[in-house]
>>> print(open('target16.cif').read())   # mmCIF, C-alpha atoms
data_work
loop_
_atom_site.group_PDB
_atom_site.id
_atom_site.type_symbol
_atom_site.label_atom_id
_atom_site.label_comp_id
_atom_site.auth_asym_id
_atom_site.auth_seq_id
_atom_site.Cartn_x
_atom_site.Cartn_y
_atom_site.Cartn_z
ATOM 1 C CA MET A 1 73.332 37.094 162.286
ATOM 2 C CA ASN A 2 69.777 35.819 162.336
ATOM 3 C CA ILE A 3 67.412 34.913 159.521
ATOM 4 C CA TYR A 4 65.898 38.444 159.365
ATOM 5 C CA ASP A 5 69.305 39.938 158.601
ATOM 6 C CA LEU A 6 70.007 37.343 155.915
ATOM 7 C CA ILE A 7 66.673 38.003 154.196
ATOM 8 C CA PHE A 8 67.271 41.748 154.385
ATOM 9 C CA TYR A 9 70.670 41.461 152.734
ATOM 10 C CA LEU A 10 69.197 39.182 150.044
ATOM 11 C CA PHE A 11 66.416 41.634 149.142
ATOM 12 C CA ALA A 12 68.710 44.666 149.414
ATOM 13 C CA ALA A 13 71.177 43.020 147.024
ATOM 14 C CA ILE A 14 68.401 42.138 144.570
ATOM 15 C CA THR A 15 67.077 45.720 144.690
ATOM 16 C CA VAL A 16 70.376 47.553 144.300
ATOM 17 C CA PHE A 17 71.969 45.280 141.706
ATOM 18 C CA SER A 18 68.891 45.121 139.505
ATOM 19 C CA ALA A 19 68.476 48.916 139.789
ATOM 20 C CA PHE A 20 72.068 49.215 138.613
ATOM 21 C CA ALA A 21 71.229 46.896 135.721
ATOM 22 C CA VAL A 22 68.254 49.133 134.856
ATOM 23 C CA VAL A 23 70.406 52.232 134.429
ATOM 24 C CA SER A 24 73.453 50.532 132.901
ATOM 25 C CA SER A 25 71.948 48.083 130.389
ATOM 26 C CA LYS A 26 72.176 49.141 126.755
ATOM 27 C CA ASN A 27 69.094 47.156 125.747
ATOM 28 C CA ILE A 28 65.906 48.818 126.946
ATOM 29 C CA ILE A 29 64.029 45.500 127.138
ATOM 30 C CA TYR A 30 66.624 44.210 129.621
ATOM 31 C CA SER A 31 66.181 47.445 131.559
ATOM 32 C CA ALA A 32 62.423 46.903 131.774
ATOM 33 C CA TYR A 33 62.807 43.334 133.057
ATOM 34 C CA SER A 34 65.469 44.393 135.563
ATOM 35 C CA LEU A 35 62.981 46.991 136.758
ATOM 36 C CA MET A 36 60.601 44.113 137.545
ATOM 37 C CA LEU A 37 63.272 42.520 139.778
ATOM 38 C CA THR A 38 63.773 45.880 141.497
ATOM 39 C CA PHE A 39 60.052 46.087 142.254
ATOM 40 C CA PHE A 40 60.121 42.542 143.678
ATOM 41 C CA GLY A 41 63.085 43.434 145.899
ATOM 42 C CA VAL A 42 61.377 46.583 147.159
ATOM 43 C CA ALA A 43 58.221 44.567 147.921
ATOM 44 C CA GLY A 44 60.376 42.183 149.986
ATOM 45 C CA LEU A 45 61.778 45.147 151.927
ATOM 46 C CA TYR A 46 58.200 46.306 152.606
ATOM 47 C CA VAL A 47 57.374 42.892 154.081
ATOM 48 C CA LEU A 48 60.453 43.085 156.307
ATOM 49 C CA LEU A 49 59.247 46.499 157.517
ATOM 50 C CA GLY A 50 55.869 45.057 158.534
ATOM 51 C CA ALA A 51 53.869 46.554 155.640
ATOM 52 C CA ASP A 52 52.315 43.452 154.095
ATOM 53 C CA PHE A 53 49.419 45.271 152.376
ATOM 54 C CA LEU A 54 51.825 47.778 150.809
ATOM 55 C CA ALA A 55 53.934 44.895 149.472
ATOM 56 C CA ILE A 56 50.902 43.334 147.777
ATOM 57 C CA VAL A 57 49.842 46.709 146.353
ATOM 58 C CA GLN A 58 53.396 47.248 145.113
ATOM 59 C CA LEU A 59 53.340 43.942 143.260
ATOM 60 C CA ILE A 60 49.863 44.446 141.792
ATOM 61 C CA VAL A 61 50.196 48.083 140.746
ATOM 62 C CA TYR A 62 53.871 48.266 139.763
ATOM 63 C CA VAL A 63 54.522 44.836 138.284
ATOM 64 C CA GLY A 64 51.009 44.264 136.992
ATOM 65 C CA GLY A 65 50.252 47.796 135.830
ATOM 66 C CA ILE A 66 53.102 50.251 135.443
ATOM 67 C CA LEU A 67 55.642 47.731 134.138
ATOM 68 C CA ILE A 68 53.202 46.475 131.502
ATOM 69 C CA LEU A 69 52.557 50.095 130.479
ATOM 70 C CA ILE A 70 56.301 50.706 130.182
ATOM 71 C CA LEU A 71 56.759 47.565 128.080
ATOM 72 C CA PHE A 72 53.939 48.731 125.796
ATOM 73 C CA GLY A 73 55.691 52.086 125.559
ATOM 74 C CA VAL A 74 58.952 50.382 124.599
ATOM 75 C CA MET A 75 57.304 48.222 121.969
ATOM 76 C CA LEU A 76 55.250 51.040 120.426
ATOM 77 C CA THR A 77 58.135 53.516 120.203
ATOM 78 C CA ASN A 78 60.852 51.279 118.739
ATOM 79 C CA LYS A 79 61.049 49.655 115.362
ATOM 80 C CA VAL A 80 61.340 46.020 116.416
ATOM 81 C CA ASN A 81 62.346 44.234 113.232
ATOM 82 C CA GLY A 82 65.070 41.843 114.299
ATOM 83 C CA MET A 83 67.425 44.661 115.254
ATOM 84 C CA PRO A 84 68.642 44.788 118.870
ATOM 85 C CA ILE A 85 67.086 47.749 120.648
ATOM 86 C CA HIS A 86 69.845 50.066 121.846
ATOM 87 C CA THR A 87 69.416 53.365 123.590
ATOM 88 C CA GLU A 88 71.951 56.125 123.432
ATOM 89 C CA VAL A 89 73.831 57.431 126.429
ATOM 90 C CA THR A 90 74.704 61.069 127.008
ATOM 91 C CA ASN A 91 76.609 63.066 129.664
ATOM 92 C CA LEU A 92 78.112 59.864 131.088
ATOM 93 C CA ILE A 93 81.201 61.314 132.785
ATOM 94 C CA PRO A 94 79.701 64.486 134.340
ATOM 95 C CA ALA A 95 76.702 62.478 135.528
ATOM 96 C CA SER A 96 78.947 59.823 137.088
ATOM 97 C CA ILE A 97 80.973 62.435 138.969
ATOM 98 C CA THR A 98 77.887 64.338 140.170
ATOM 99 C CA ILE A 99 75.991 61.234 141.227
ATOM 100 C CA GLY A 100 79.061 59.785 142.929
ATOM 101 C CA LEU A 101 79.459 62.941 144.989
ATOM 102 C CA PHE A 102 75.735 63.102 145.717
ATOM 103 C CA ALA A 103 75.528 59.447 146.778
ATOM 104 C CA GLY A 104 78.619 59.834 148.960
ATOM 105 C CA ILE A 105 77.166 62.860 150.749
ATOM 106 C CA ILE A 106 73.707 61.368 151.265
ATOM 107 C CA LEU A 107 75.062 57.984 152.442
ATOM 108 C CA ALA A 108 77.515 59.671 154.829
ATOM 109 C CA PHE A 109 74.581 61.632 156.220
ATOM 110 C CA PHE A 110 72.518 58.456 156.666
ATOM 111 C CA VAL A 111 75.362 56.558 158.368
ATOM 112 C CA ASN A 112 76.645 59.307 160.642
ATOM 113 C CA THR A 113 73.327 60.636 161.924
ATOM 114 C CA ASN A 114 72.409 59.290 165.336
ATOM 115 C CA TRP A 115 68.867 58.145 164.518
ATOM 116 C CA LYS A 116 66.588 57.882 167.515
ATOM 117 C CA SER A 117 64.764 54.672 166.655
ATOM 118 C CA THR A 118 61.783 53.417 168.572
ATOM 119 C CA GLN A 119 60.678 50.267 166.857
ATOM 120 C CA THR A 120 56.931 49.866 166.297
ATOM 121 C CA GLU A 121 55.699 46.296 166.151
ATOM 122 C CA PHE A 122 52.923 46.116 163.572
ATOM 123 C CA PRO A 123 50.407 43.254 163.837
ATOM 124 C CA ASN A 124 50.609 40.358 161.420
ATOM 125 C CA THR A 125 48.109 41.925 159.067
ATOM 126 C CA THR A 126 47.871 45.683 158.617
ATOM 127 C CA ILE A 127 44.878 45.643 156.268
ATOM 128 C CA VAL A 128 42.260 46.237 159.009
ATOM 129 C CA ALA A 129 44.005 49.276 160.461
ATOM 130 C CA LEU A 130 44.792 50.757 157.025
ATOM 131 C CA GLY A 131 41.198 50.282 155.889
ATOM 132 C CA LYS A 132 39.841 52.011 158.983
ATOM 133 C CA LEU A 133 42.249 54.936 158.509
ATOM 134 C CA LEU A 134 41.319 55.178 154.821
ATOM 135 C CA MET A 135 37.618 55.372 155.623
ATOM 136 C CA ASN A 136 37.917 57.823 158.544
ATOM 137 C CA GLU A 137 40.847 60.224 158.712
ATOM 138 C CA TYR A 138 41.898 59.986 155.068
ATOM 139 C CA ILE A 139 38.437 59.892 153.469
ATOM 140 C CA LEU A 140 38.866 63.261 151.682
ATOM 141 C CA ILE A 141 42.235 62.268 150.190
ATOM 142 C CA PHE A 142 40.790 58.898 149.223
ATOM 143 C CA GLU A 143 37.913 60.505 147.292
ATOM 144 C CA LEU A 144 40.209 63.082 145.675
ATOM 145 C CA LEU A 145 42.565 60.317 144.531
ATOM 146 C CA GLY A 146 39.622 58.502 142.977
ATOM 147 C CA VAL A 147 38.728 61.651 141.014
ATOM 148 C CA LEU A 148 42.392 62.105 140.091
ATOM 149 C CA LEU A 149 42.610 58.568 138.691
ATOM 150 C CA LEU A 150 39.479 59.208 136.628
ATOM 151 C CA ILE A 151 40.963 62.452 135.285
ATOM 152 C CA ALA A 152 44.234 60.679 134.480
ATOM 153 C CA LEU A 153 42.340 57.932 132.650
ATOM 154 C CA ILE A 154 40.346 60.404 130.526
ATOM 155 C CA GLY A 155 43.412 62.574 129.930
ATOM 156 C CA ALA A 156 45.602 59.680 128.827
ATOM 157 C CA ALA A 157 42.924 58.387 126.474
ATOM 158 C CA SER A 158 42.327 61.810 124.930
ATOM 159 C CA ILE A 159 46.055 62.570 124.536
ATOM 160 C CA ALA A 160 46.906 59.225 122.941
ATOM 161 C CA ARG A 161 43.954 58.806 120.582
ATOM 162 C CA LYS A 162 44.167 59.422 116.883
ATOM 163 C CA LYS A 163 43.076 62.834 115.658
ATOM 164 C CA MET B 1 78.056 42.968 162.315
ATOM 165 C CA MET B 2 75.352 45.161 163.755
ATOM 166 C CA THR B 3 71.692 44.277 163.651
ATOM 167 C CA ILE B 4 69.450 45.574 160.877
ATOM 168 C CA GLY B 5 68.061 48.988 161.752
ATOM 169 C CA LEU B 6 66.735 52.147 160.203
ATOM 170 C CA GLN B 7 70.107 53.010 158.654
ATOM 171 C CA HIS B 8 70.251 49.916 156.474
ATOM 172 C CA PHE B 9 66.919 50.691 154.825
ATOM 173 C CA LEU B 10 67.918 54.336 154.390
ATOM 174 C CA ILE B 11 71.145 53.276 152.682
ATOM 175 C CA VAL B 12 69.244 51.058 150.237
ATOM 176 C CA SER B 13 66.846 53.901 149.441
ATOM 177 C CA GLY B 14 69.717 56.365 149.034
ATOM 178 C CA LEU B 15 71.417 54.064 146.530
ATOM 179 C CA LEU B 16 68.136 53.578 144.662
ATOM 180 C CA PHE B 17 67.588 57.367 144.517
ATOM 181 C CA SER B 18 71.101 57.986 143.176
ATOM 182 C CA LEU B 19 70.708 55.303 140.514
ATOM 183 C CA GLY B 20 67.356 56.776 139.479
ATOM 184 C CA ILE B 21 68.827 60.255 139.016
ATOM 185 C CA PHE B 22 71.768 58.709 137.142
ATOM 186 C CA GLY B 23 69.311 57.019 134.773
ATOM 187 C CA ILE B 24 67.427 60.266 134.183
ATOM 188 C CA MET B 25 70.625 62.211 133.494
ATOM 189 C CA THR B 26 72.398 59.787 131.172
ATOM 190 C CA ARG B 27 69.661 58.282 128.981
ATOM 191 C CA LYS B 28 68.213 59.821 125.854
ATOM 192 C CA ASN B 29 65.205 57.527 125.529
ATOM 193 C CA ALA B 30 62.110 59.036 127.185
ATOM 194 C CA VAL B 31 60.926 55.627 128.393
ATOM 195 C CA MET B 32 64.240 55.138 130.231
ATOM 196 C CA VAL B 33 63.725 58.517 131.897
ATOM 197 C CA LEU B 34 60.343 57.235 133.102
ATOM 198 C CA MET B 35 62.023 54.138 134.567
ATOM 199 C CA GLY B 36 64.403 56.431 136.474
ATOM 200 C CA ILE B 37 61.420 58.310 137.892
ATOM 201 C CA GLU B 38 59.876 55.018 139.055
ATOM 202 C CA LEU B 39 63.135 54.132 140.842
ATOM 203 C CA ILE B 40 63.096 57.495 142.637
ATOM 204 C CA LEU B 41 59.454 57.065 143.716
ATOM 205 C CA ASN B 42 60.275 53.591 145.070
ATOM 206 C CA SER B 43 63.187 54.939 147.082
ATOM 207 C CA ALA B 44 60.938 57.610 148.603
ATOM 208 C CA ASN B 45 58.427 54.896 149.499
ATOM 209 C CA ILE B 46 61.090 52.819 151.256
ATOM 210 C CA ASN B 47 61.932 55.891 153.339
ATOM 211 C CA PHE B 48 58.279 56.501 154.264
ATOM 212 C CA ILE B 49 57.724 52.895 155.358
ATOM 213 C CA ALA B 50 61.057 52.640 157.185
ATOM 214 C CA PHE B 51 60.226 55.732 159.210
ATOM 215 C CA ALA B 52 56.726 54.373 159.839
ATOM 216 C CA LYS B 53 58.320 51.368 161.534
ATOM 217 C CA TYR B 54 61.272 52.984 163.284
ATOM 218 C CA GLY B 55 59.981 56.499 163.894
ATOM 219 C CA ASN B 56 56.863 55.989 166.045
ATOM 220 C CA PHE B 57 54.457 57.419 163.458
ATOM 221 C CA GLY B 58 51.973 54.551 163.487
ATOM 222 C CA TYR B 59 50.300 53.800 160.186
ATOM 223 C CA HIS B 60 50.566 57.264 158.646
ATOM 224 C CA GLY B 61 53.805 56.546 156.816
ATOM 225 C CA GLN B 62 52.228 53.515 155.178
ATOM 226 C CA MET B 63 49.208 55.599 154.111
ATOM 227 C CA ILE B 64 51.448 58.191 152.425
ATOM 228 C CA ALA B 65 53.323 55.390 150.652
ATOM 229 C CA LEU B 66 50.000 54.033 149.392
ATOM 230 C CA PHE B 67 49.087 57.473 147.982
ATOM 231 C CA VAL B 68 52.515 57.727 146.328
ATOM 232 C CA ILE B 69 51.891 54.388 144.574
ATOM 233 C CA ILE B 70 48.503 55.640 143.289
ATOM 234 C CA LEU B 71 50.048 58.885 142.014
ATOM 235 C CA ALA B 72 52.837 56.893 140.330
ATOM 236 C CA ALA B 73 50.238 54.871 138.445
ATOM 237 C CA ALA B 74 48.475 58.035 137.222
ATOM 238 C CA GLU B 75 51.807 59.635 136.283
ATOM 239 C CA ALA B 76 52.934 56.595 134.293
ATOM 240 C CA ALA B 77 49.692 56.501 132.288
ATOM 241 C CA ILE B 78 49.839 60.220 131.373
ATOM 242 C CA ALA B 79 53.577 60.194 130.656
ATOM 243 C CA LEU B 80 53.330 57.197 128.328
ATOM 244 C CA ALA B 81 50.445 58.807 126.464
ATOM 245 C CA ILE B 82 52.624 61.891 125.949
ATOM 246 C CA VAL B 83 55.574 59.726 124.834
ATOM 247 C CA LEU B 84 53.368 57.943 122.279
ATOM 248 C CA ASN B 85 52.198 61.310 120.948
ATOM 249 C CA ILE B 86 55.801 62.543 120.679
ATOM 250 C CA TYR B 87 56.702 59.386 118.748
ATOM 251 C CA LYS B 88 53.762 59.948 116.397
ATOM 252 C CA ASN B 89 54.797 63.544 115.666
ATOM 253 C CA PHE B 90 58.605 63.315 115.634
ATOM 254 C CA SER B 91 59.270 59.596 114.889
ATOM 255 C CA THR B 92 61.726 59.543 117.796
ATOM 256 C CA VAL B 93 61.589 59.464 121.582
ATOM 257 C CA ASN B 94 65.082 60.834 122.221
ATOM 258 C CA VAL B 95 64.497 63.701 124.607
ATOM 259 C CA ASP B 96 67.297 65.863 123.196
ATOM 260 C CA GLU B 97 65.926 65.766 119.652
ATOM 261 C CA VAL B 98 62.437 66.841 120.692
ATOM 262 C CA ASN B 99 62.979 70.600 120.879
ATOM 263 C CA LYS B 100 59.892 72.042 119.192
ATOM 264 C CA LEU B 101 56.453 72.495 120.691
ATOM 265 C CA LYS B 102 54.849 72.139 117.251
ATOM 266 C CA GLU B 103 56.082 71.434 113.775
#
>>> encode(input="target16.cif", output="structure tokens")
Amino acid sequence: MNIYDLIFYLFAAITVFSAFAVVSSKNIIYSAYSLMLTFFGVAGLYVLLGADFLAIVQLIVYVGGILILILFGVMLTNKVNGMPIHTEVTNLIPASITIGLFAGIILAFFVNTNWKSTQTEFPNTTIVALGKLLMNEYILIFELLGVLLLIALIGAASIARKK
Amino acid sequence: MMTIGLQHFLIVSGLLFSLGIFGIMTRKNAVMVLMGIELILNSANINFIAFAKYGNFGYHGQMIALFVIILAAAEAAIALAIVLNIYKNFSTVNVDEVNKLKE
């Protein structure tokens, strides 16, 4: 077992256990902070897969943007006056059975399939290649996503503002 | 102990996907449902990047993952605006109590 395997198991454990904490914690604030650990673990997995730029983007956008938005959402939609913030749980037993079956099937599929894997060795930094792709082959999608972000910004502001 | 391959990353993403759906199904709070959606999007991204490395697709898998992250950011902004509006109108964010389009 070399150092790569050890680091993989470390990040995989962080990701899975903190994701379990997200869905099982009664306190929604704990859930939000566990979600941050999940994002860190996933960013570590991206680095192990040779996607360094994606890992940085994951940290900046998810931890710096989406998680802060979610925390704002938690704080604006709960009455935080010294009371612990609990969320209610519904359908626990049917959901557990369904998800257990689903996870068993999908994991059995992943393990038993004979994946034909040809490993690609990415260079140490992928930013140059990704930037060239973004400005050549993916230029239309890039522009459309810019327009989409603008629309989302205007839409969110107009939905959330006071009448 | 076999060496780390495509399967290990797929197993992590499968577990993450299952936990995300479990969160969506069992929680009443709309913000928790959003967290479940983020878990599912992350698991899809792990799959894209794992296949980009082990499936001979070059950089295209990483590009798709980048676009998924951008769409997740837009989705989170819109969804939280809607949740805030629901809280303003109904004084609750439990998704099973919000059953009217207007008062």
>>> interface_residues(input="target16.cif", of="chain A", to="chain B", cutoff="6 Å", atoms="all atoms listed in the file", output="VMD selection string")
chain A and resid 23 88 to 92 103 117 to 120 152 156 160
>>> resolve_selection(input="target16.cif", expression="the PyMOL selection byres ((chain A and resi 8) around 9)", output="number ranges by chain")
A: 3-7, 9-13, 44-45, 48; B: 4, 8-9
>>> atom_distance(input="target16.cif", atom1="atom CA of Phe53 of chain A", atom2="atom CA of Val74 of chain A")
29.8 Å
>>> residues_around(input="target16.cif", residues="Tyr33 of chain A", least_positions_apart="5", cutoff="9 Å", atoms="all atoms listed in the file", output="VMD selection string")
chain A and resid 22 28 38 67 71
>>> residues_around(input="target16.cif", residues="Ile127 of chain A", least_positions_apart="2", cutoff="10 Å", atoms="all atoms listed in the file", output="PyMOL selection string")
chain A and resi 51-54+123-125+129-133
>>> atom_distance(input="target16.cif", atom1="atom CA of Ile66 of chain A", atom2="atom CA of Thr98 of chain A")
28.9 Å
>>> atom_distance(input="target16.cif", atom1="atom CA of Phe20 of chain A", atom2="atom CA of Leu35 of chain A")
9.5 Å
>>> closest_residue(input="target16.cif", among="B:Val95, B:Leu101, B:Leu41, B:Ile64", to="Tyr62 of chain A", atoms="all atoms listed in the file")
B:Leu41
>>> residues_around(input="target16.cif", residues="Lys26 of chain A", least_positions_apart="5", cutoff="8 Å", atoms="only C-alpha atoms", output="PyMOL selection string")
chain A and resi 31+86-88
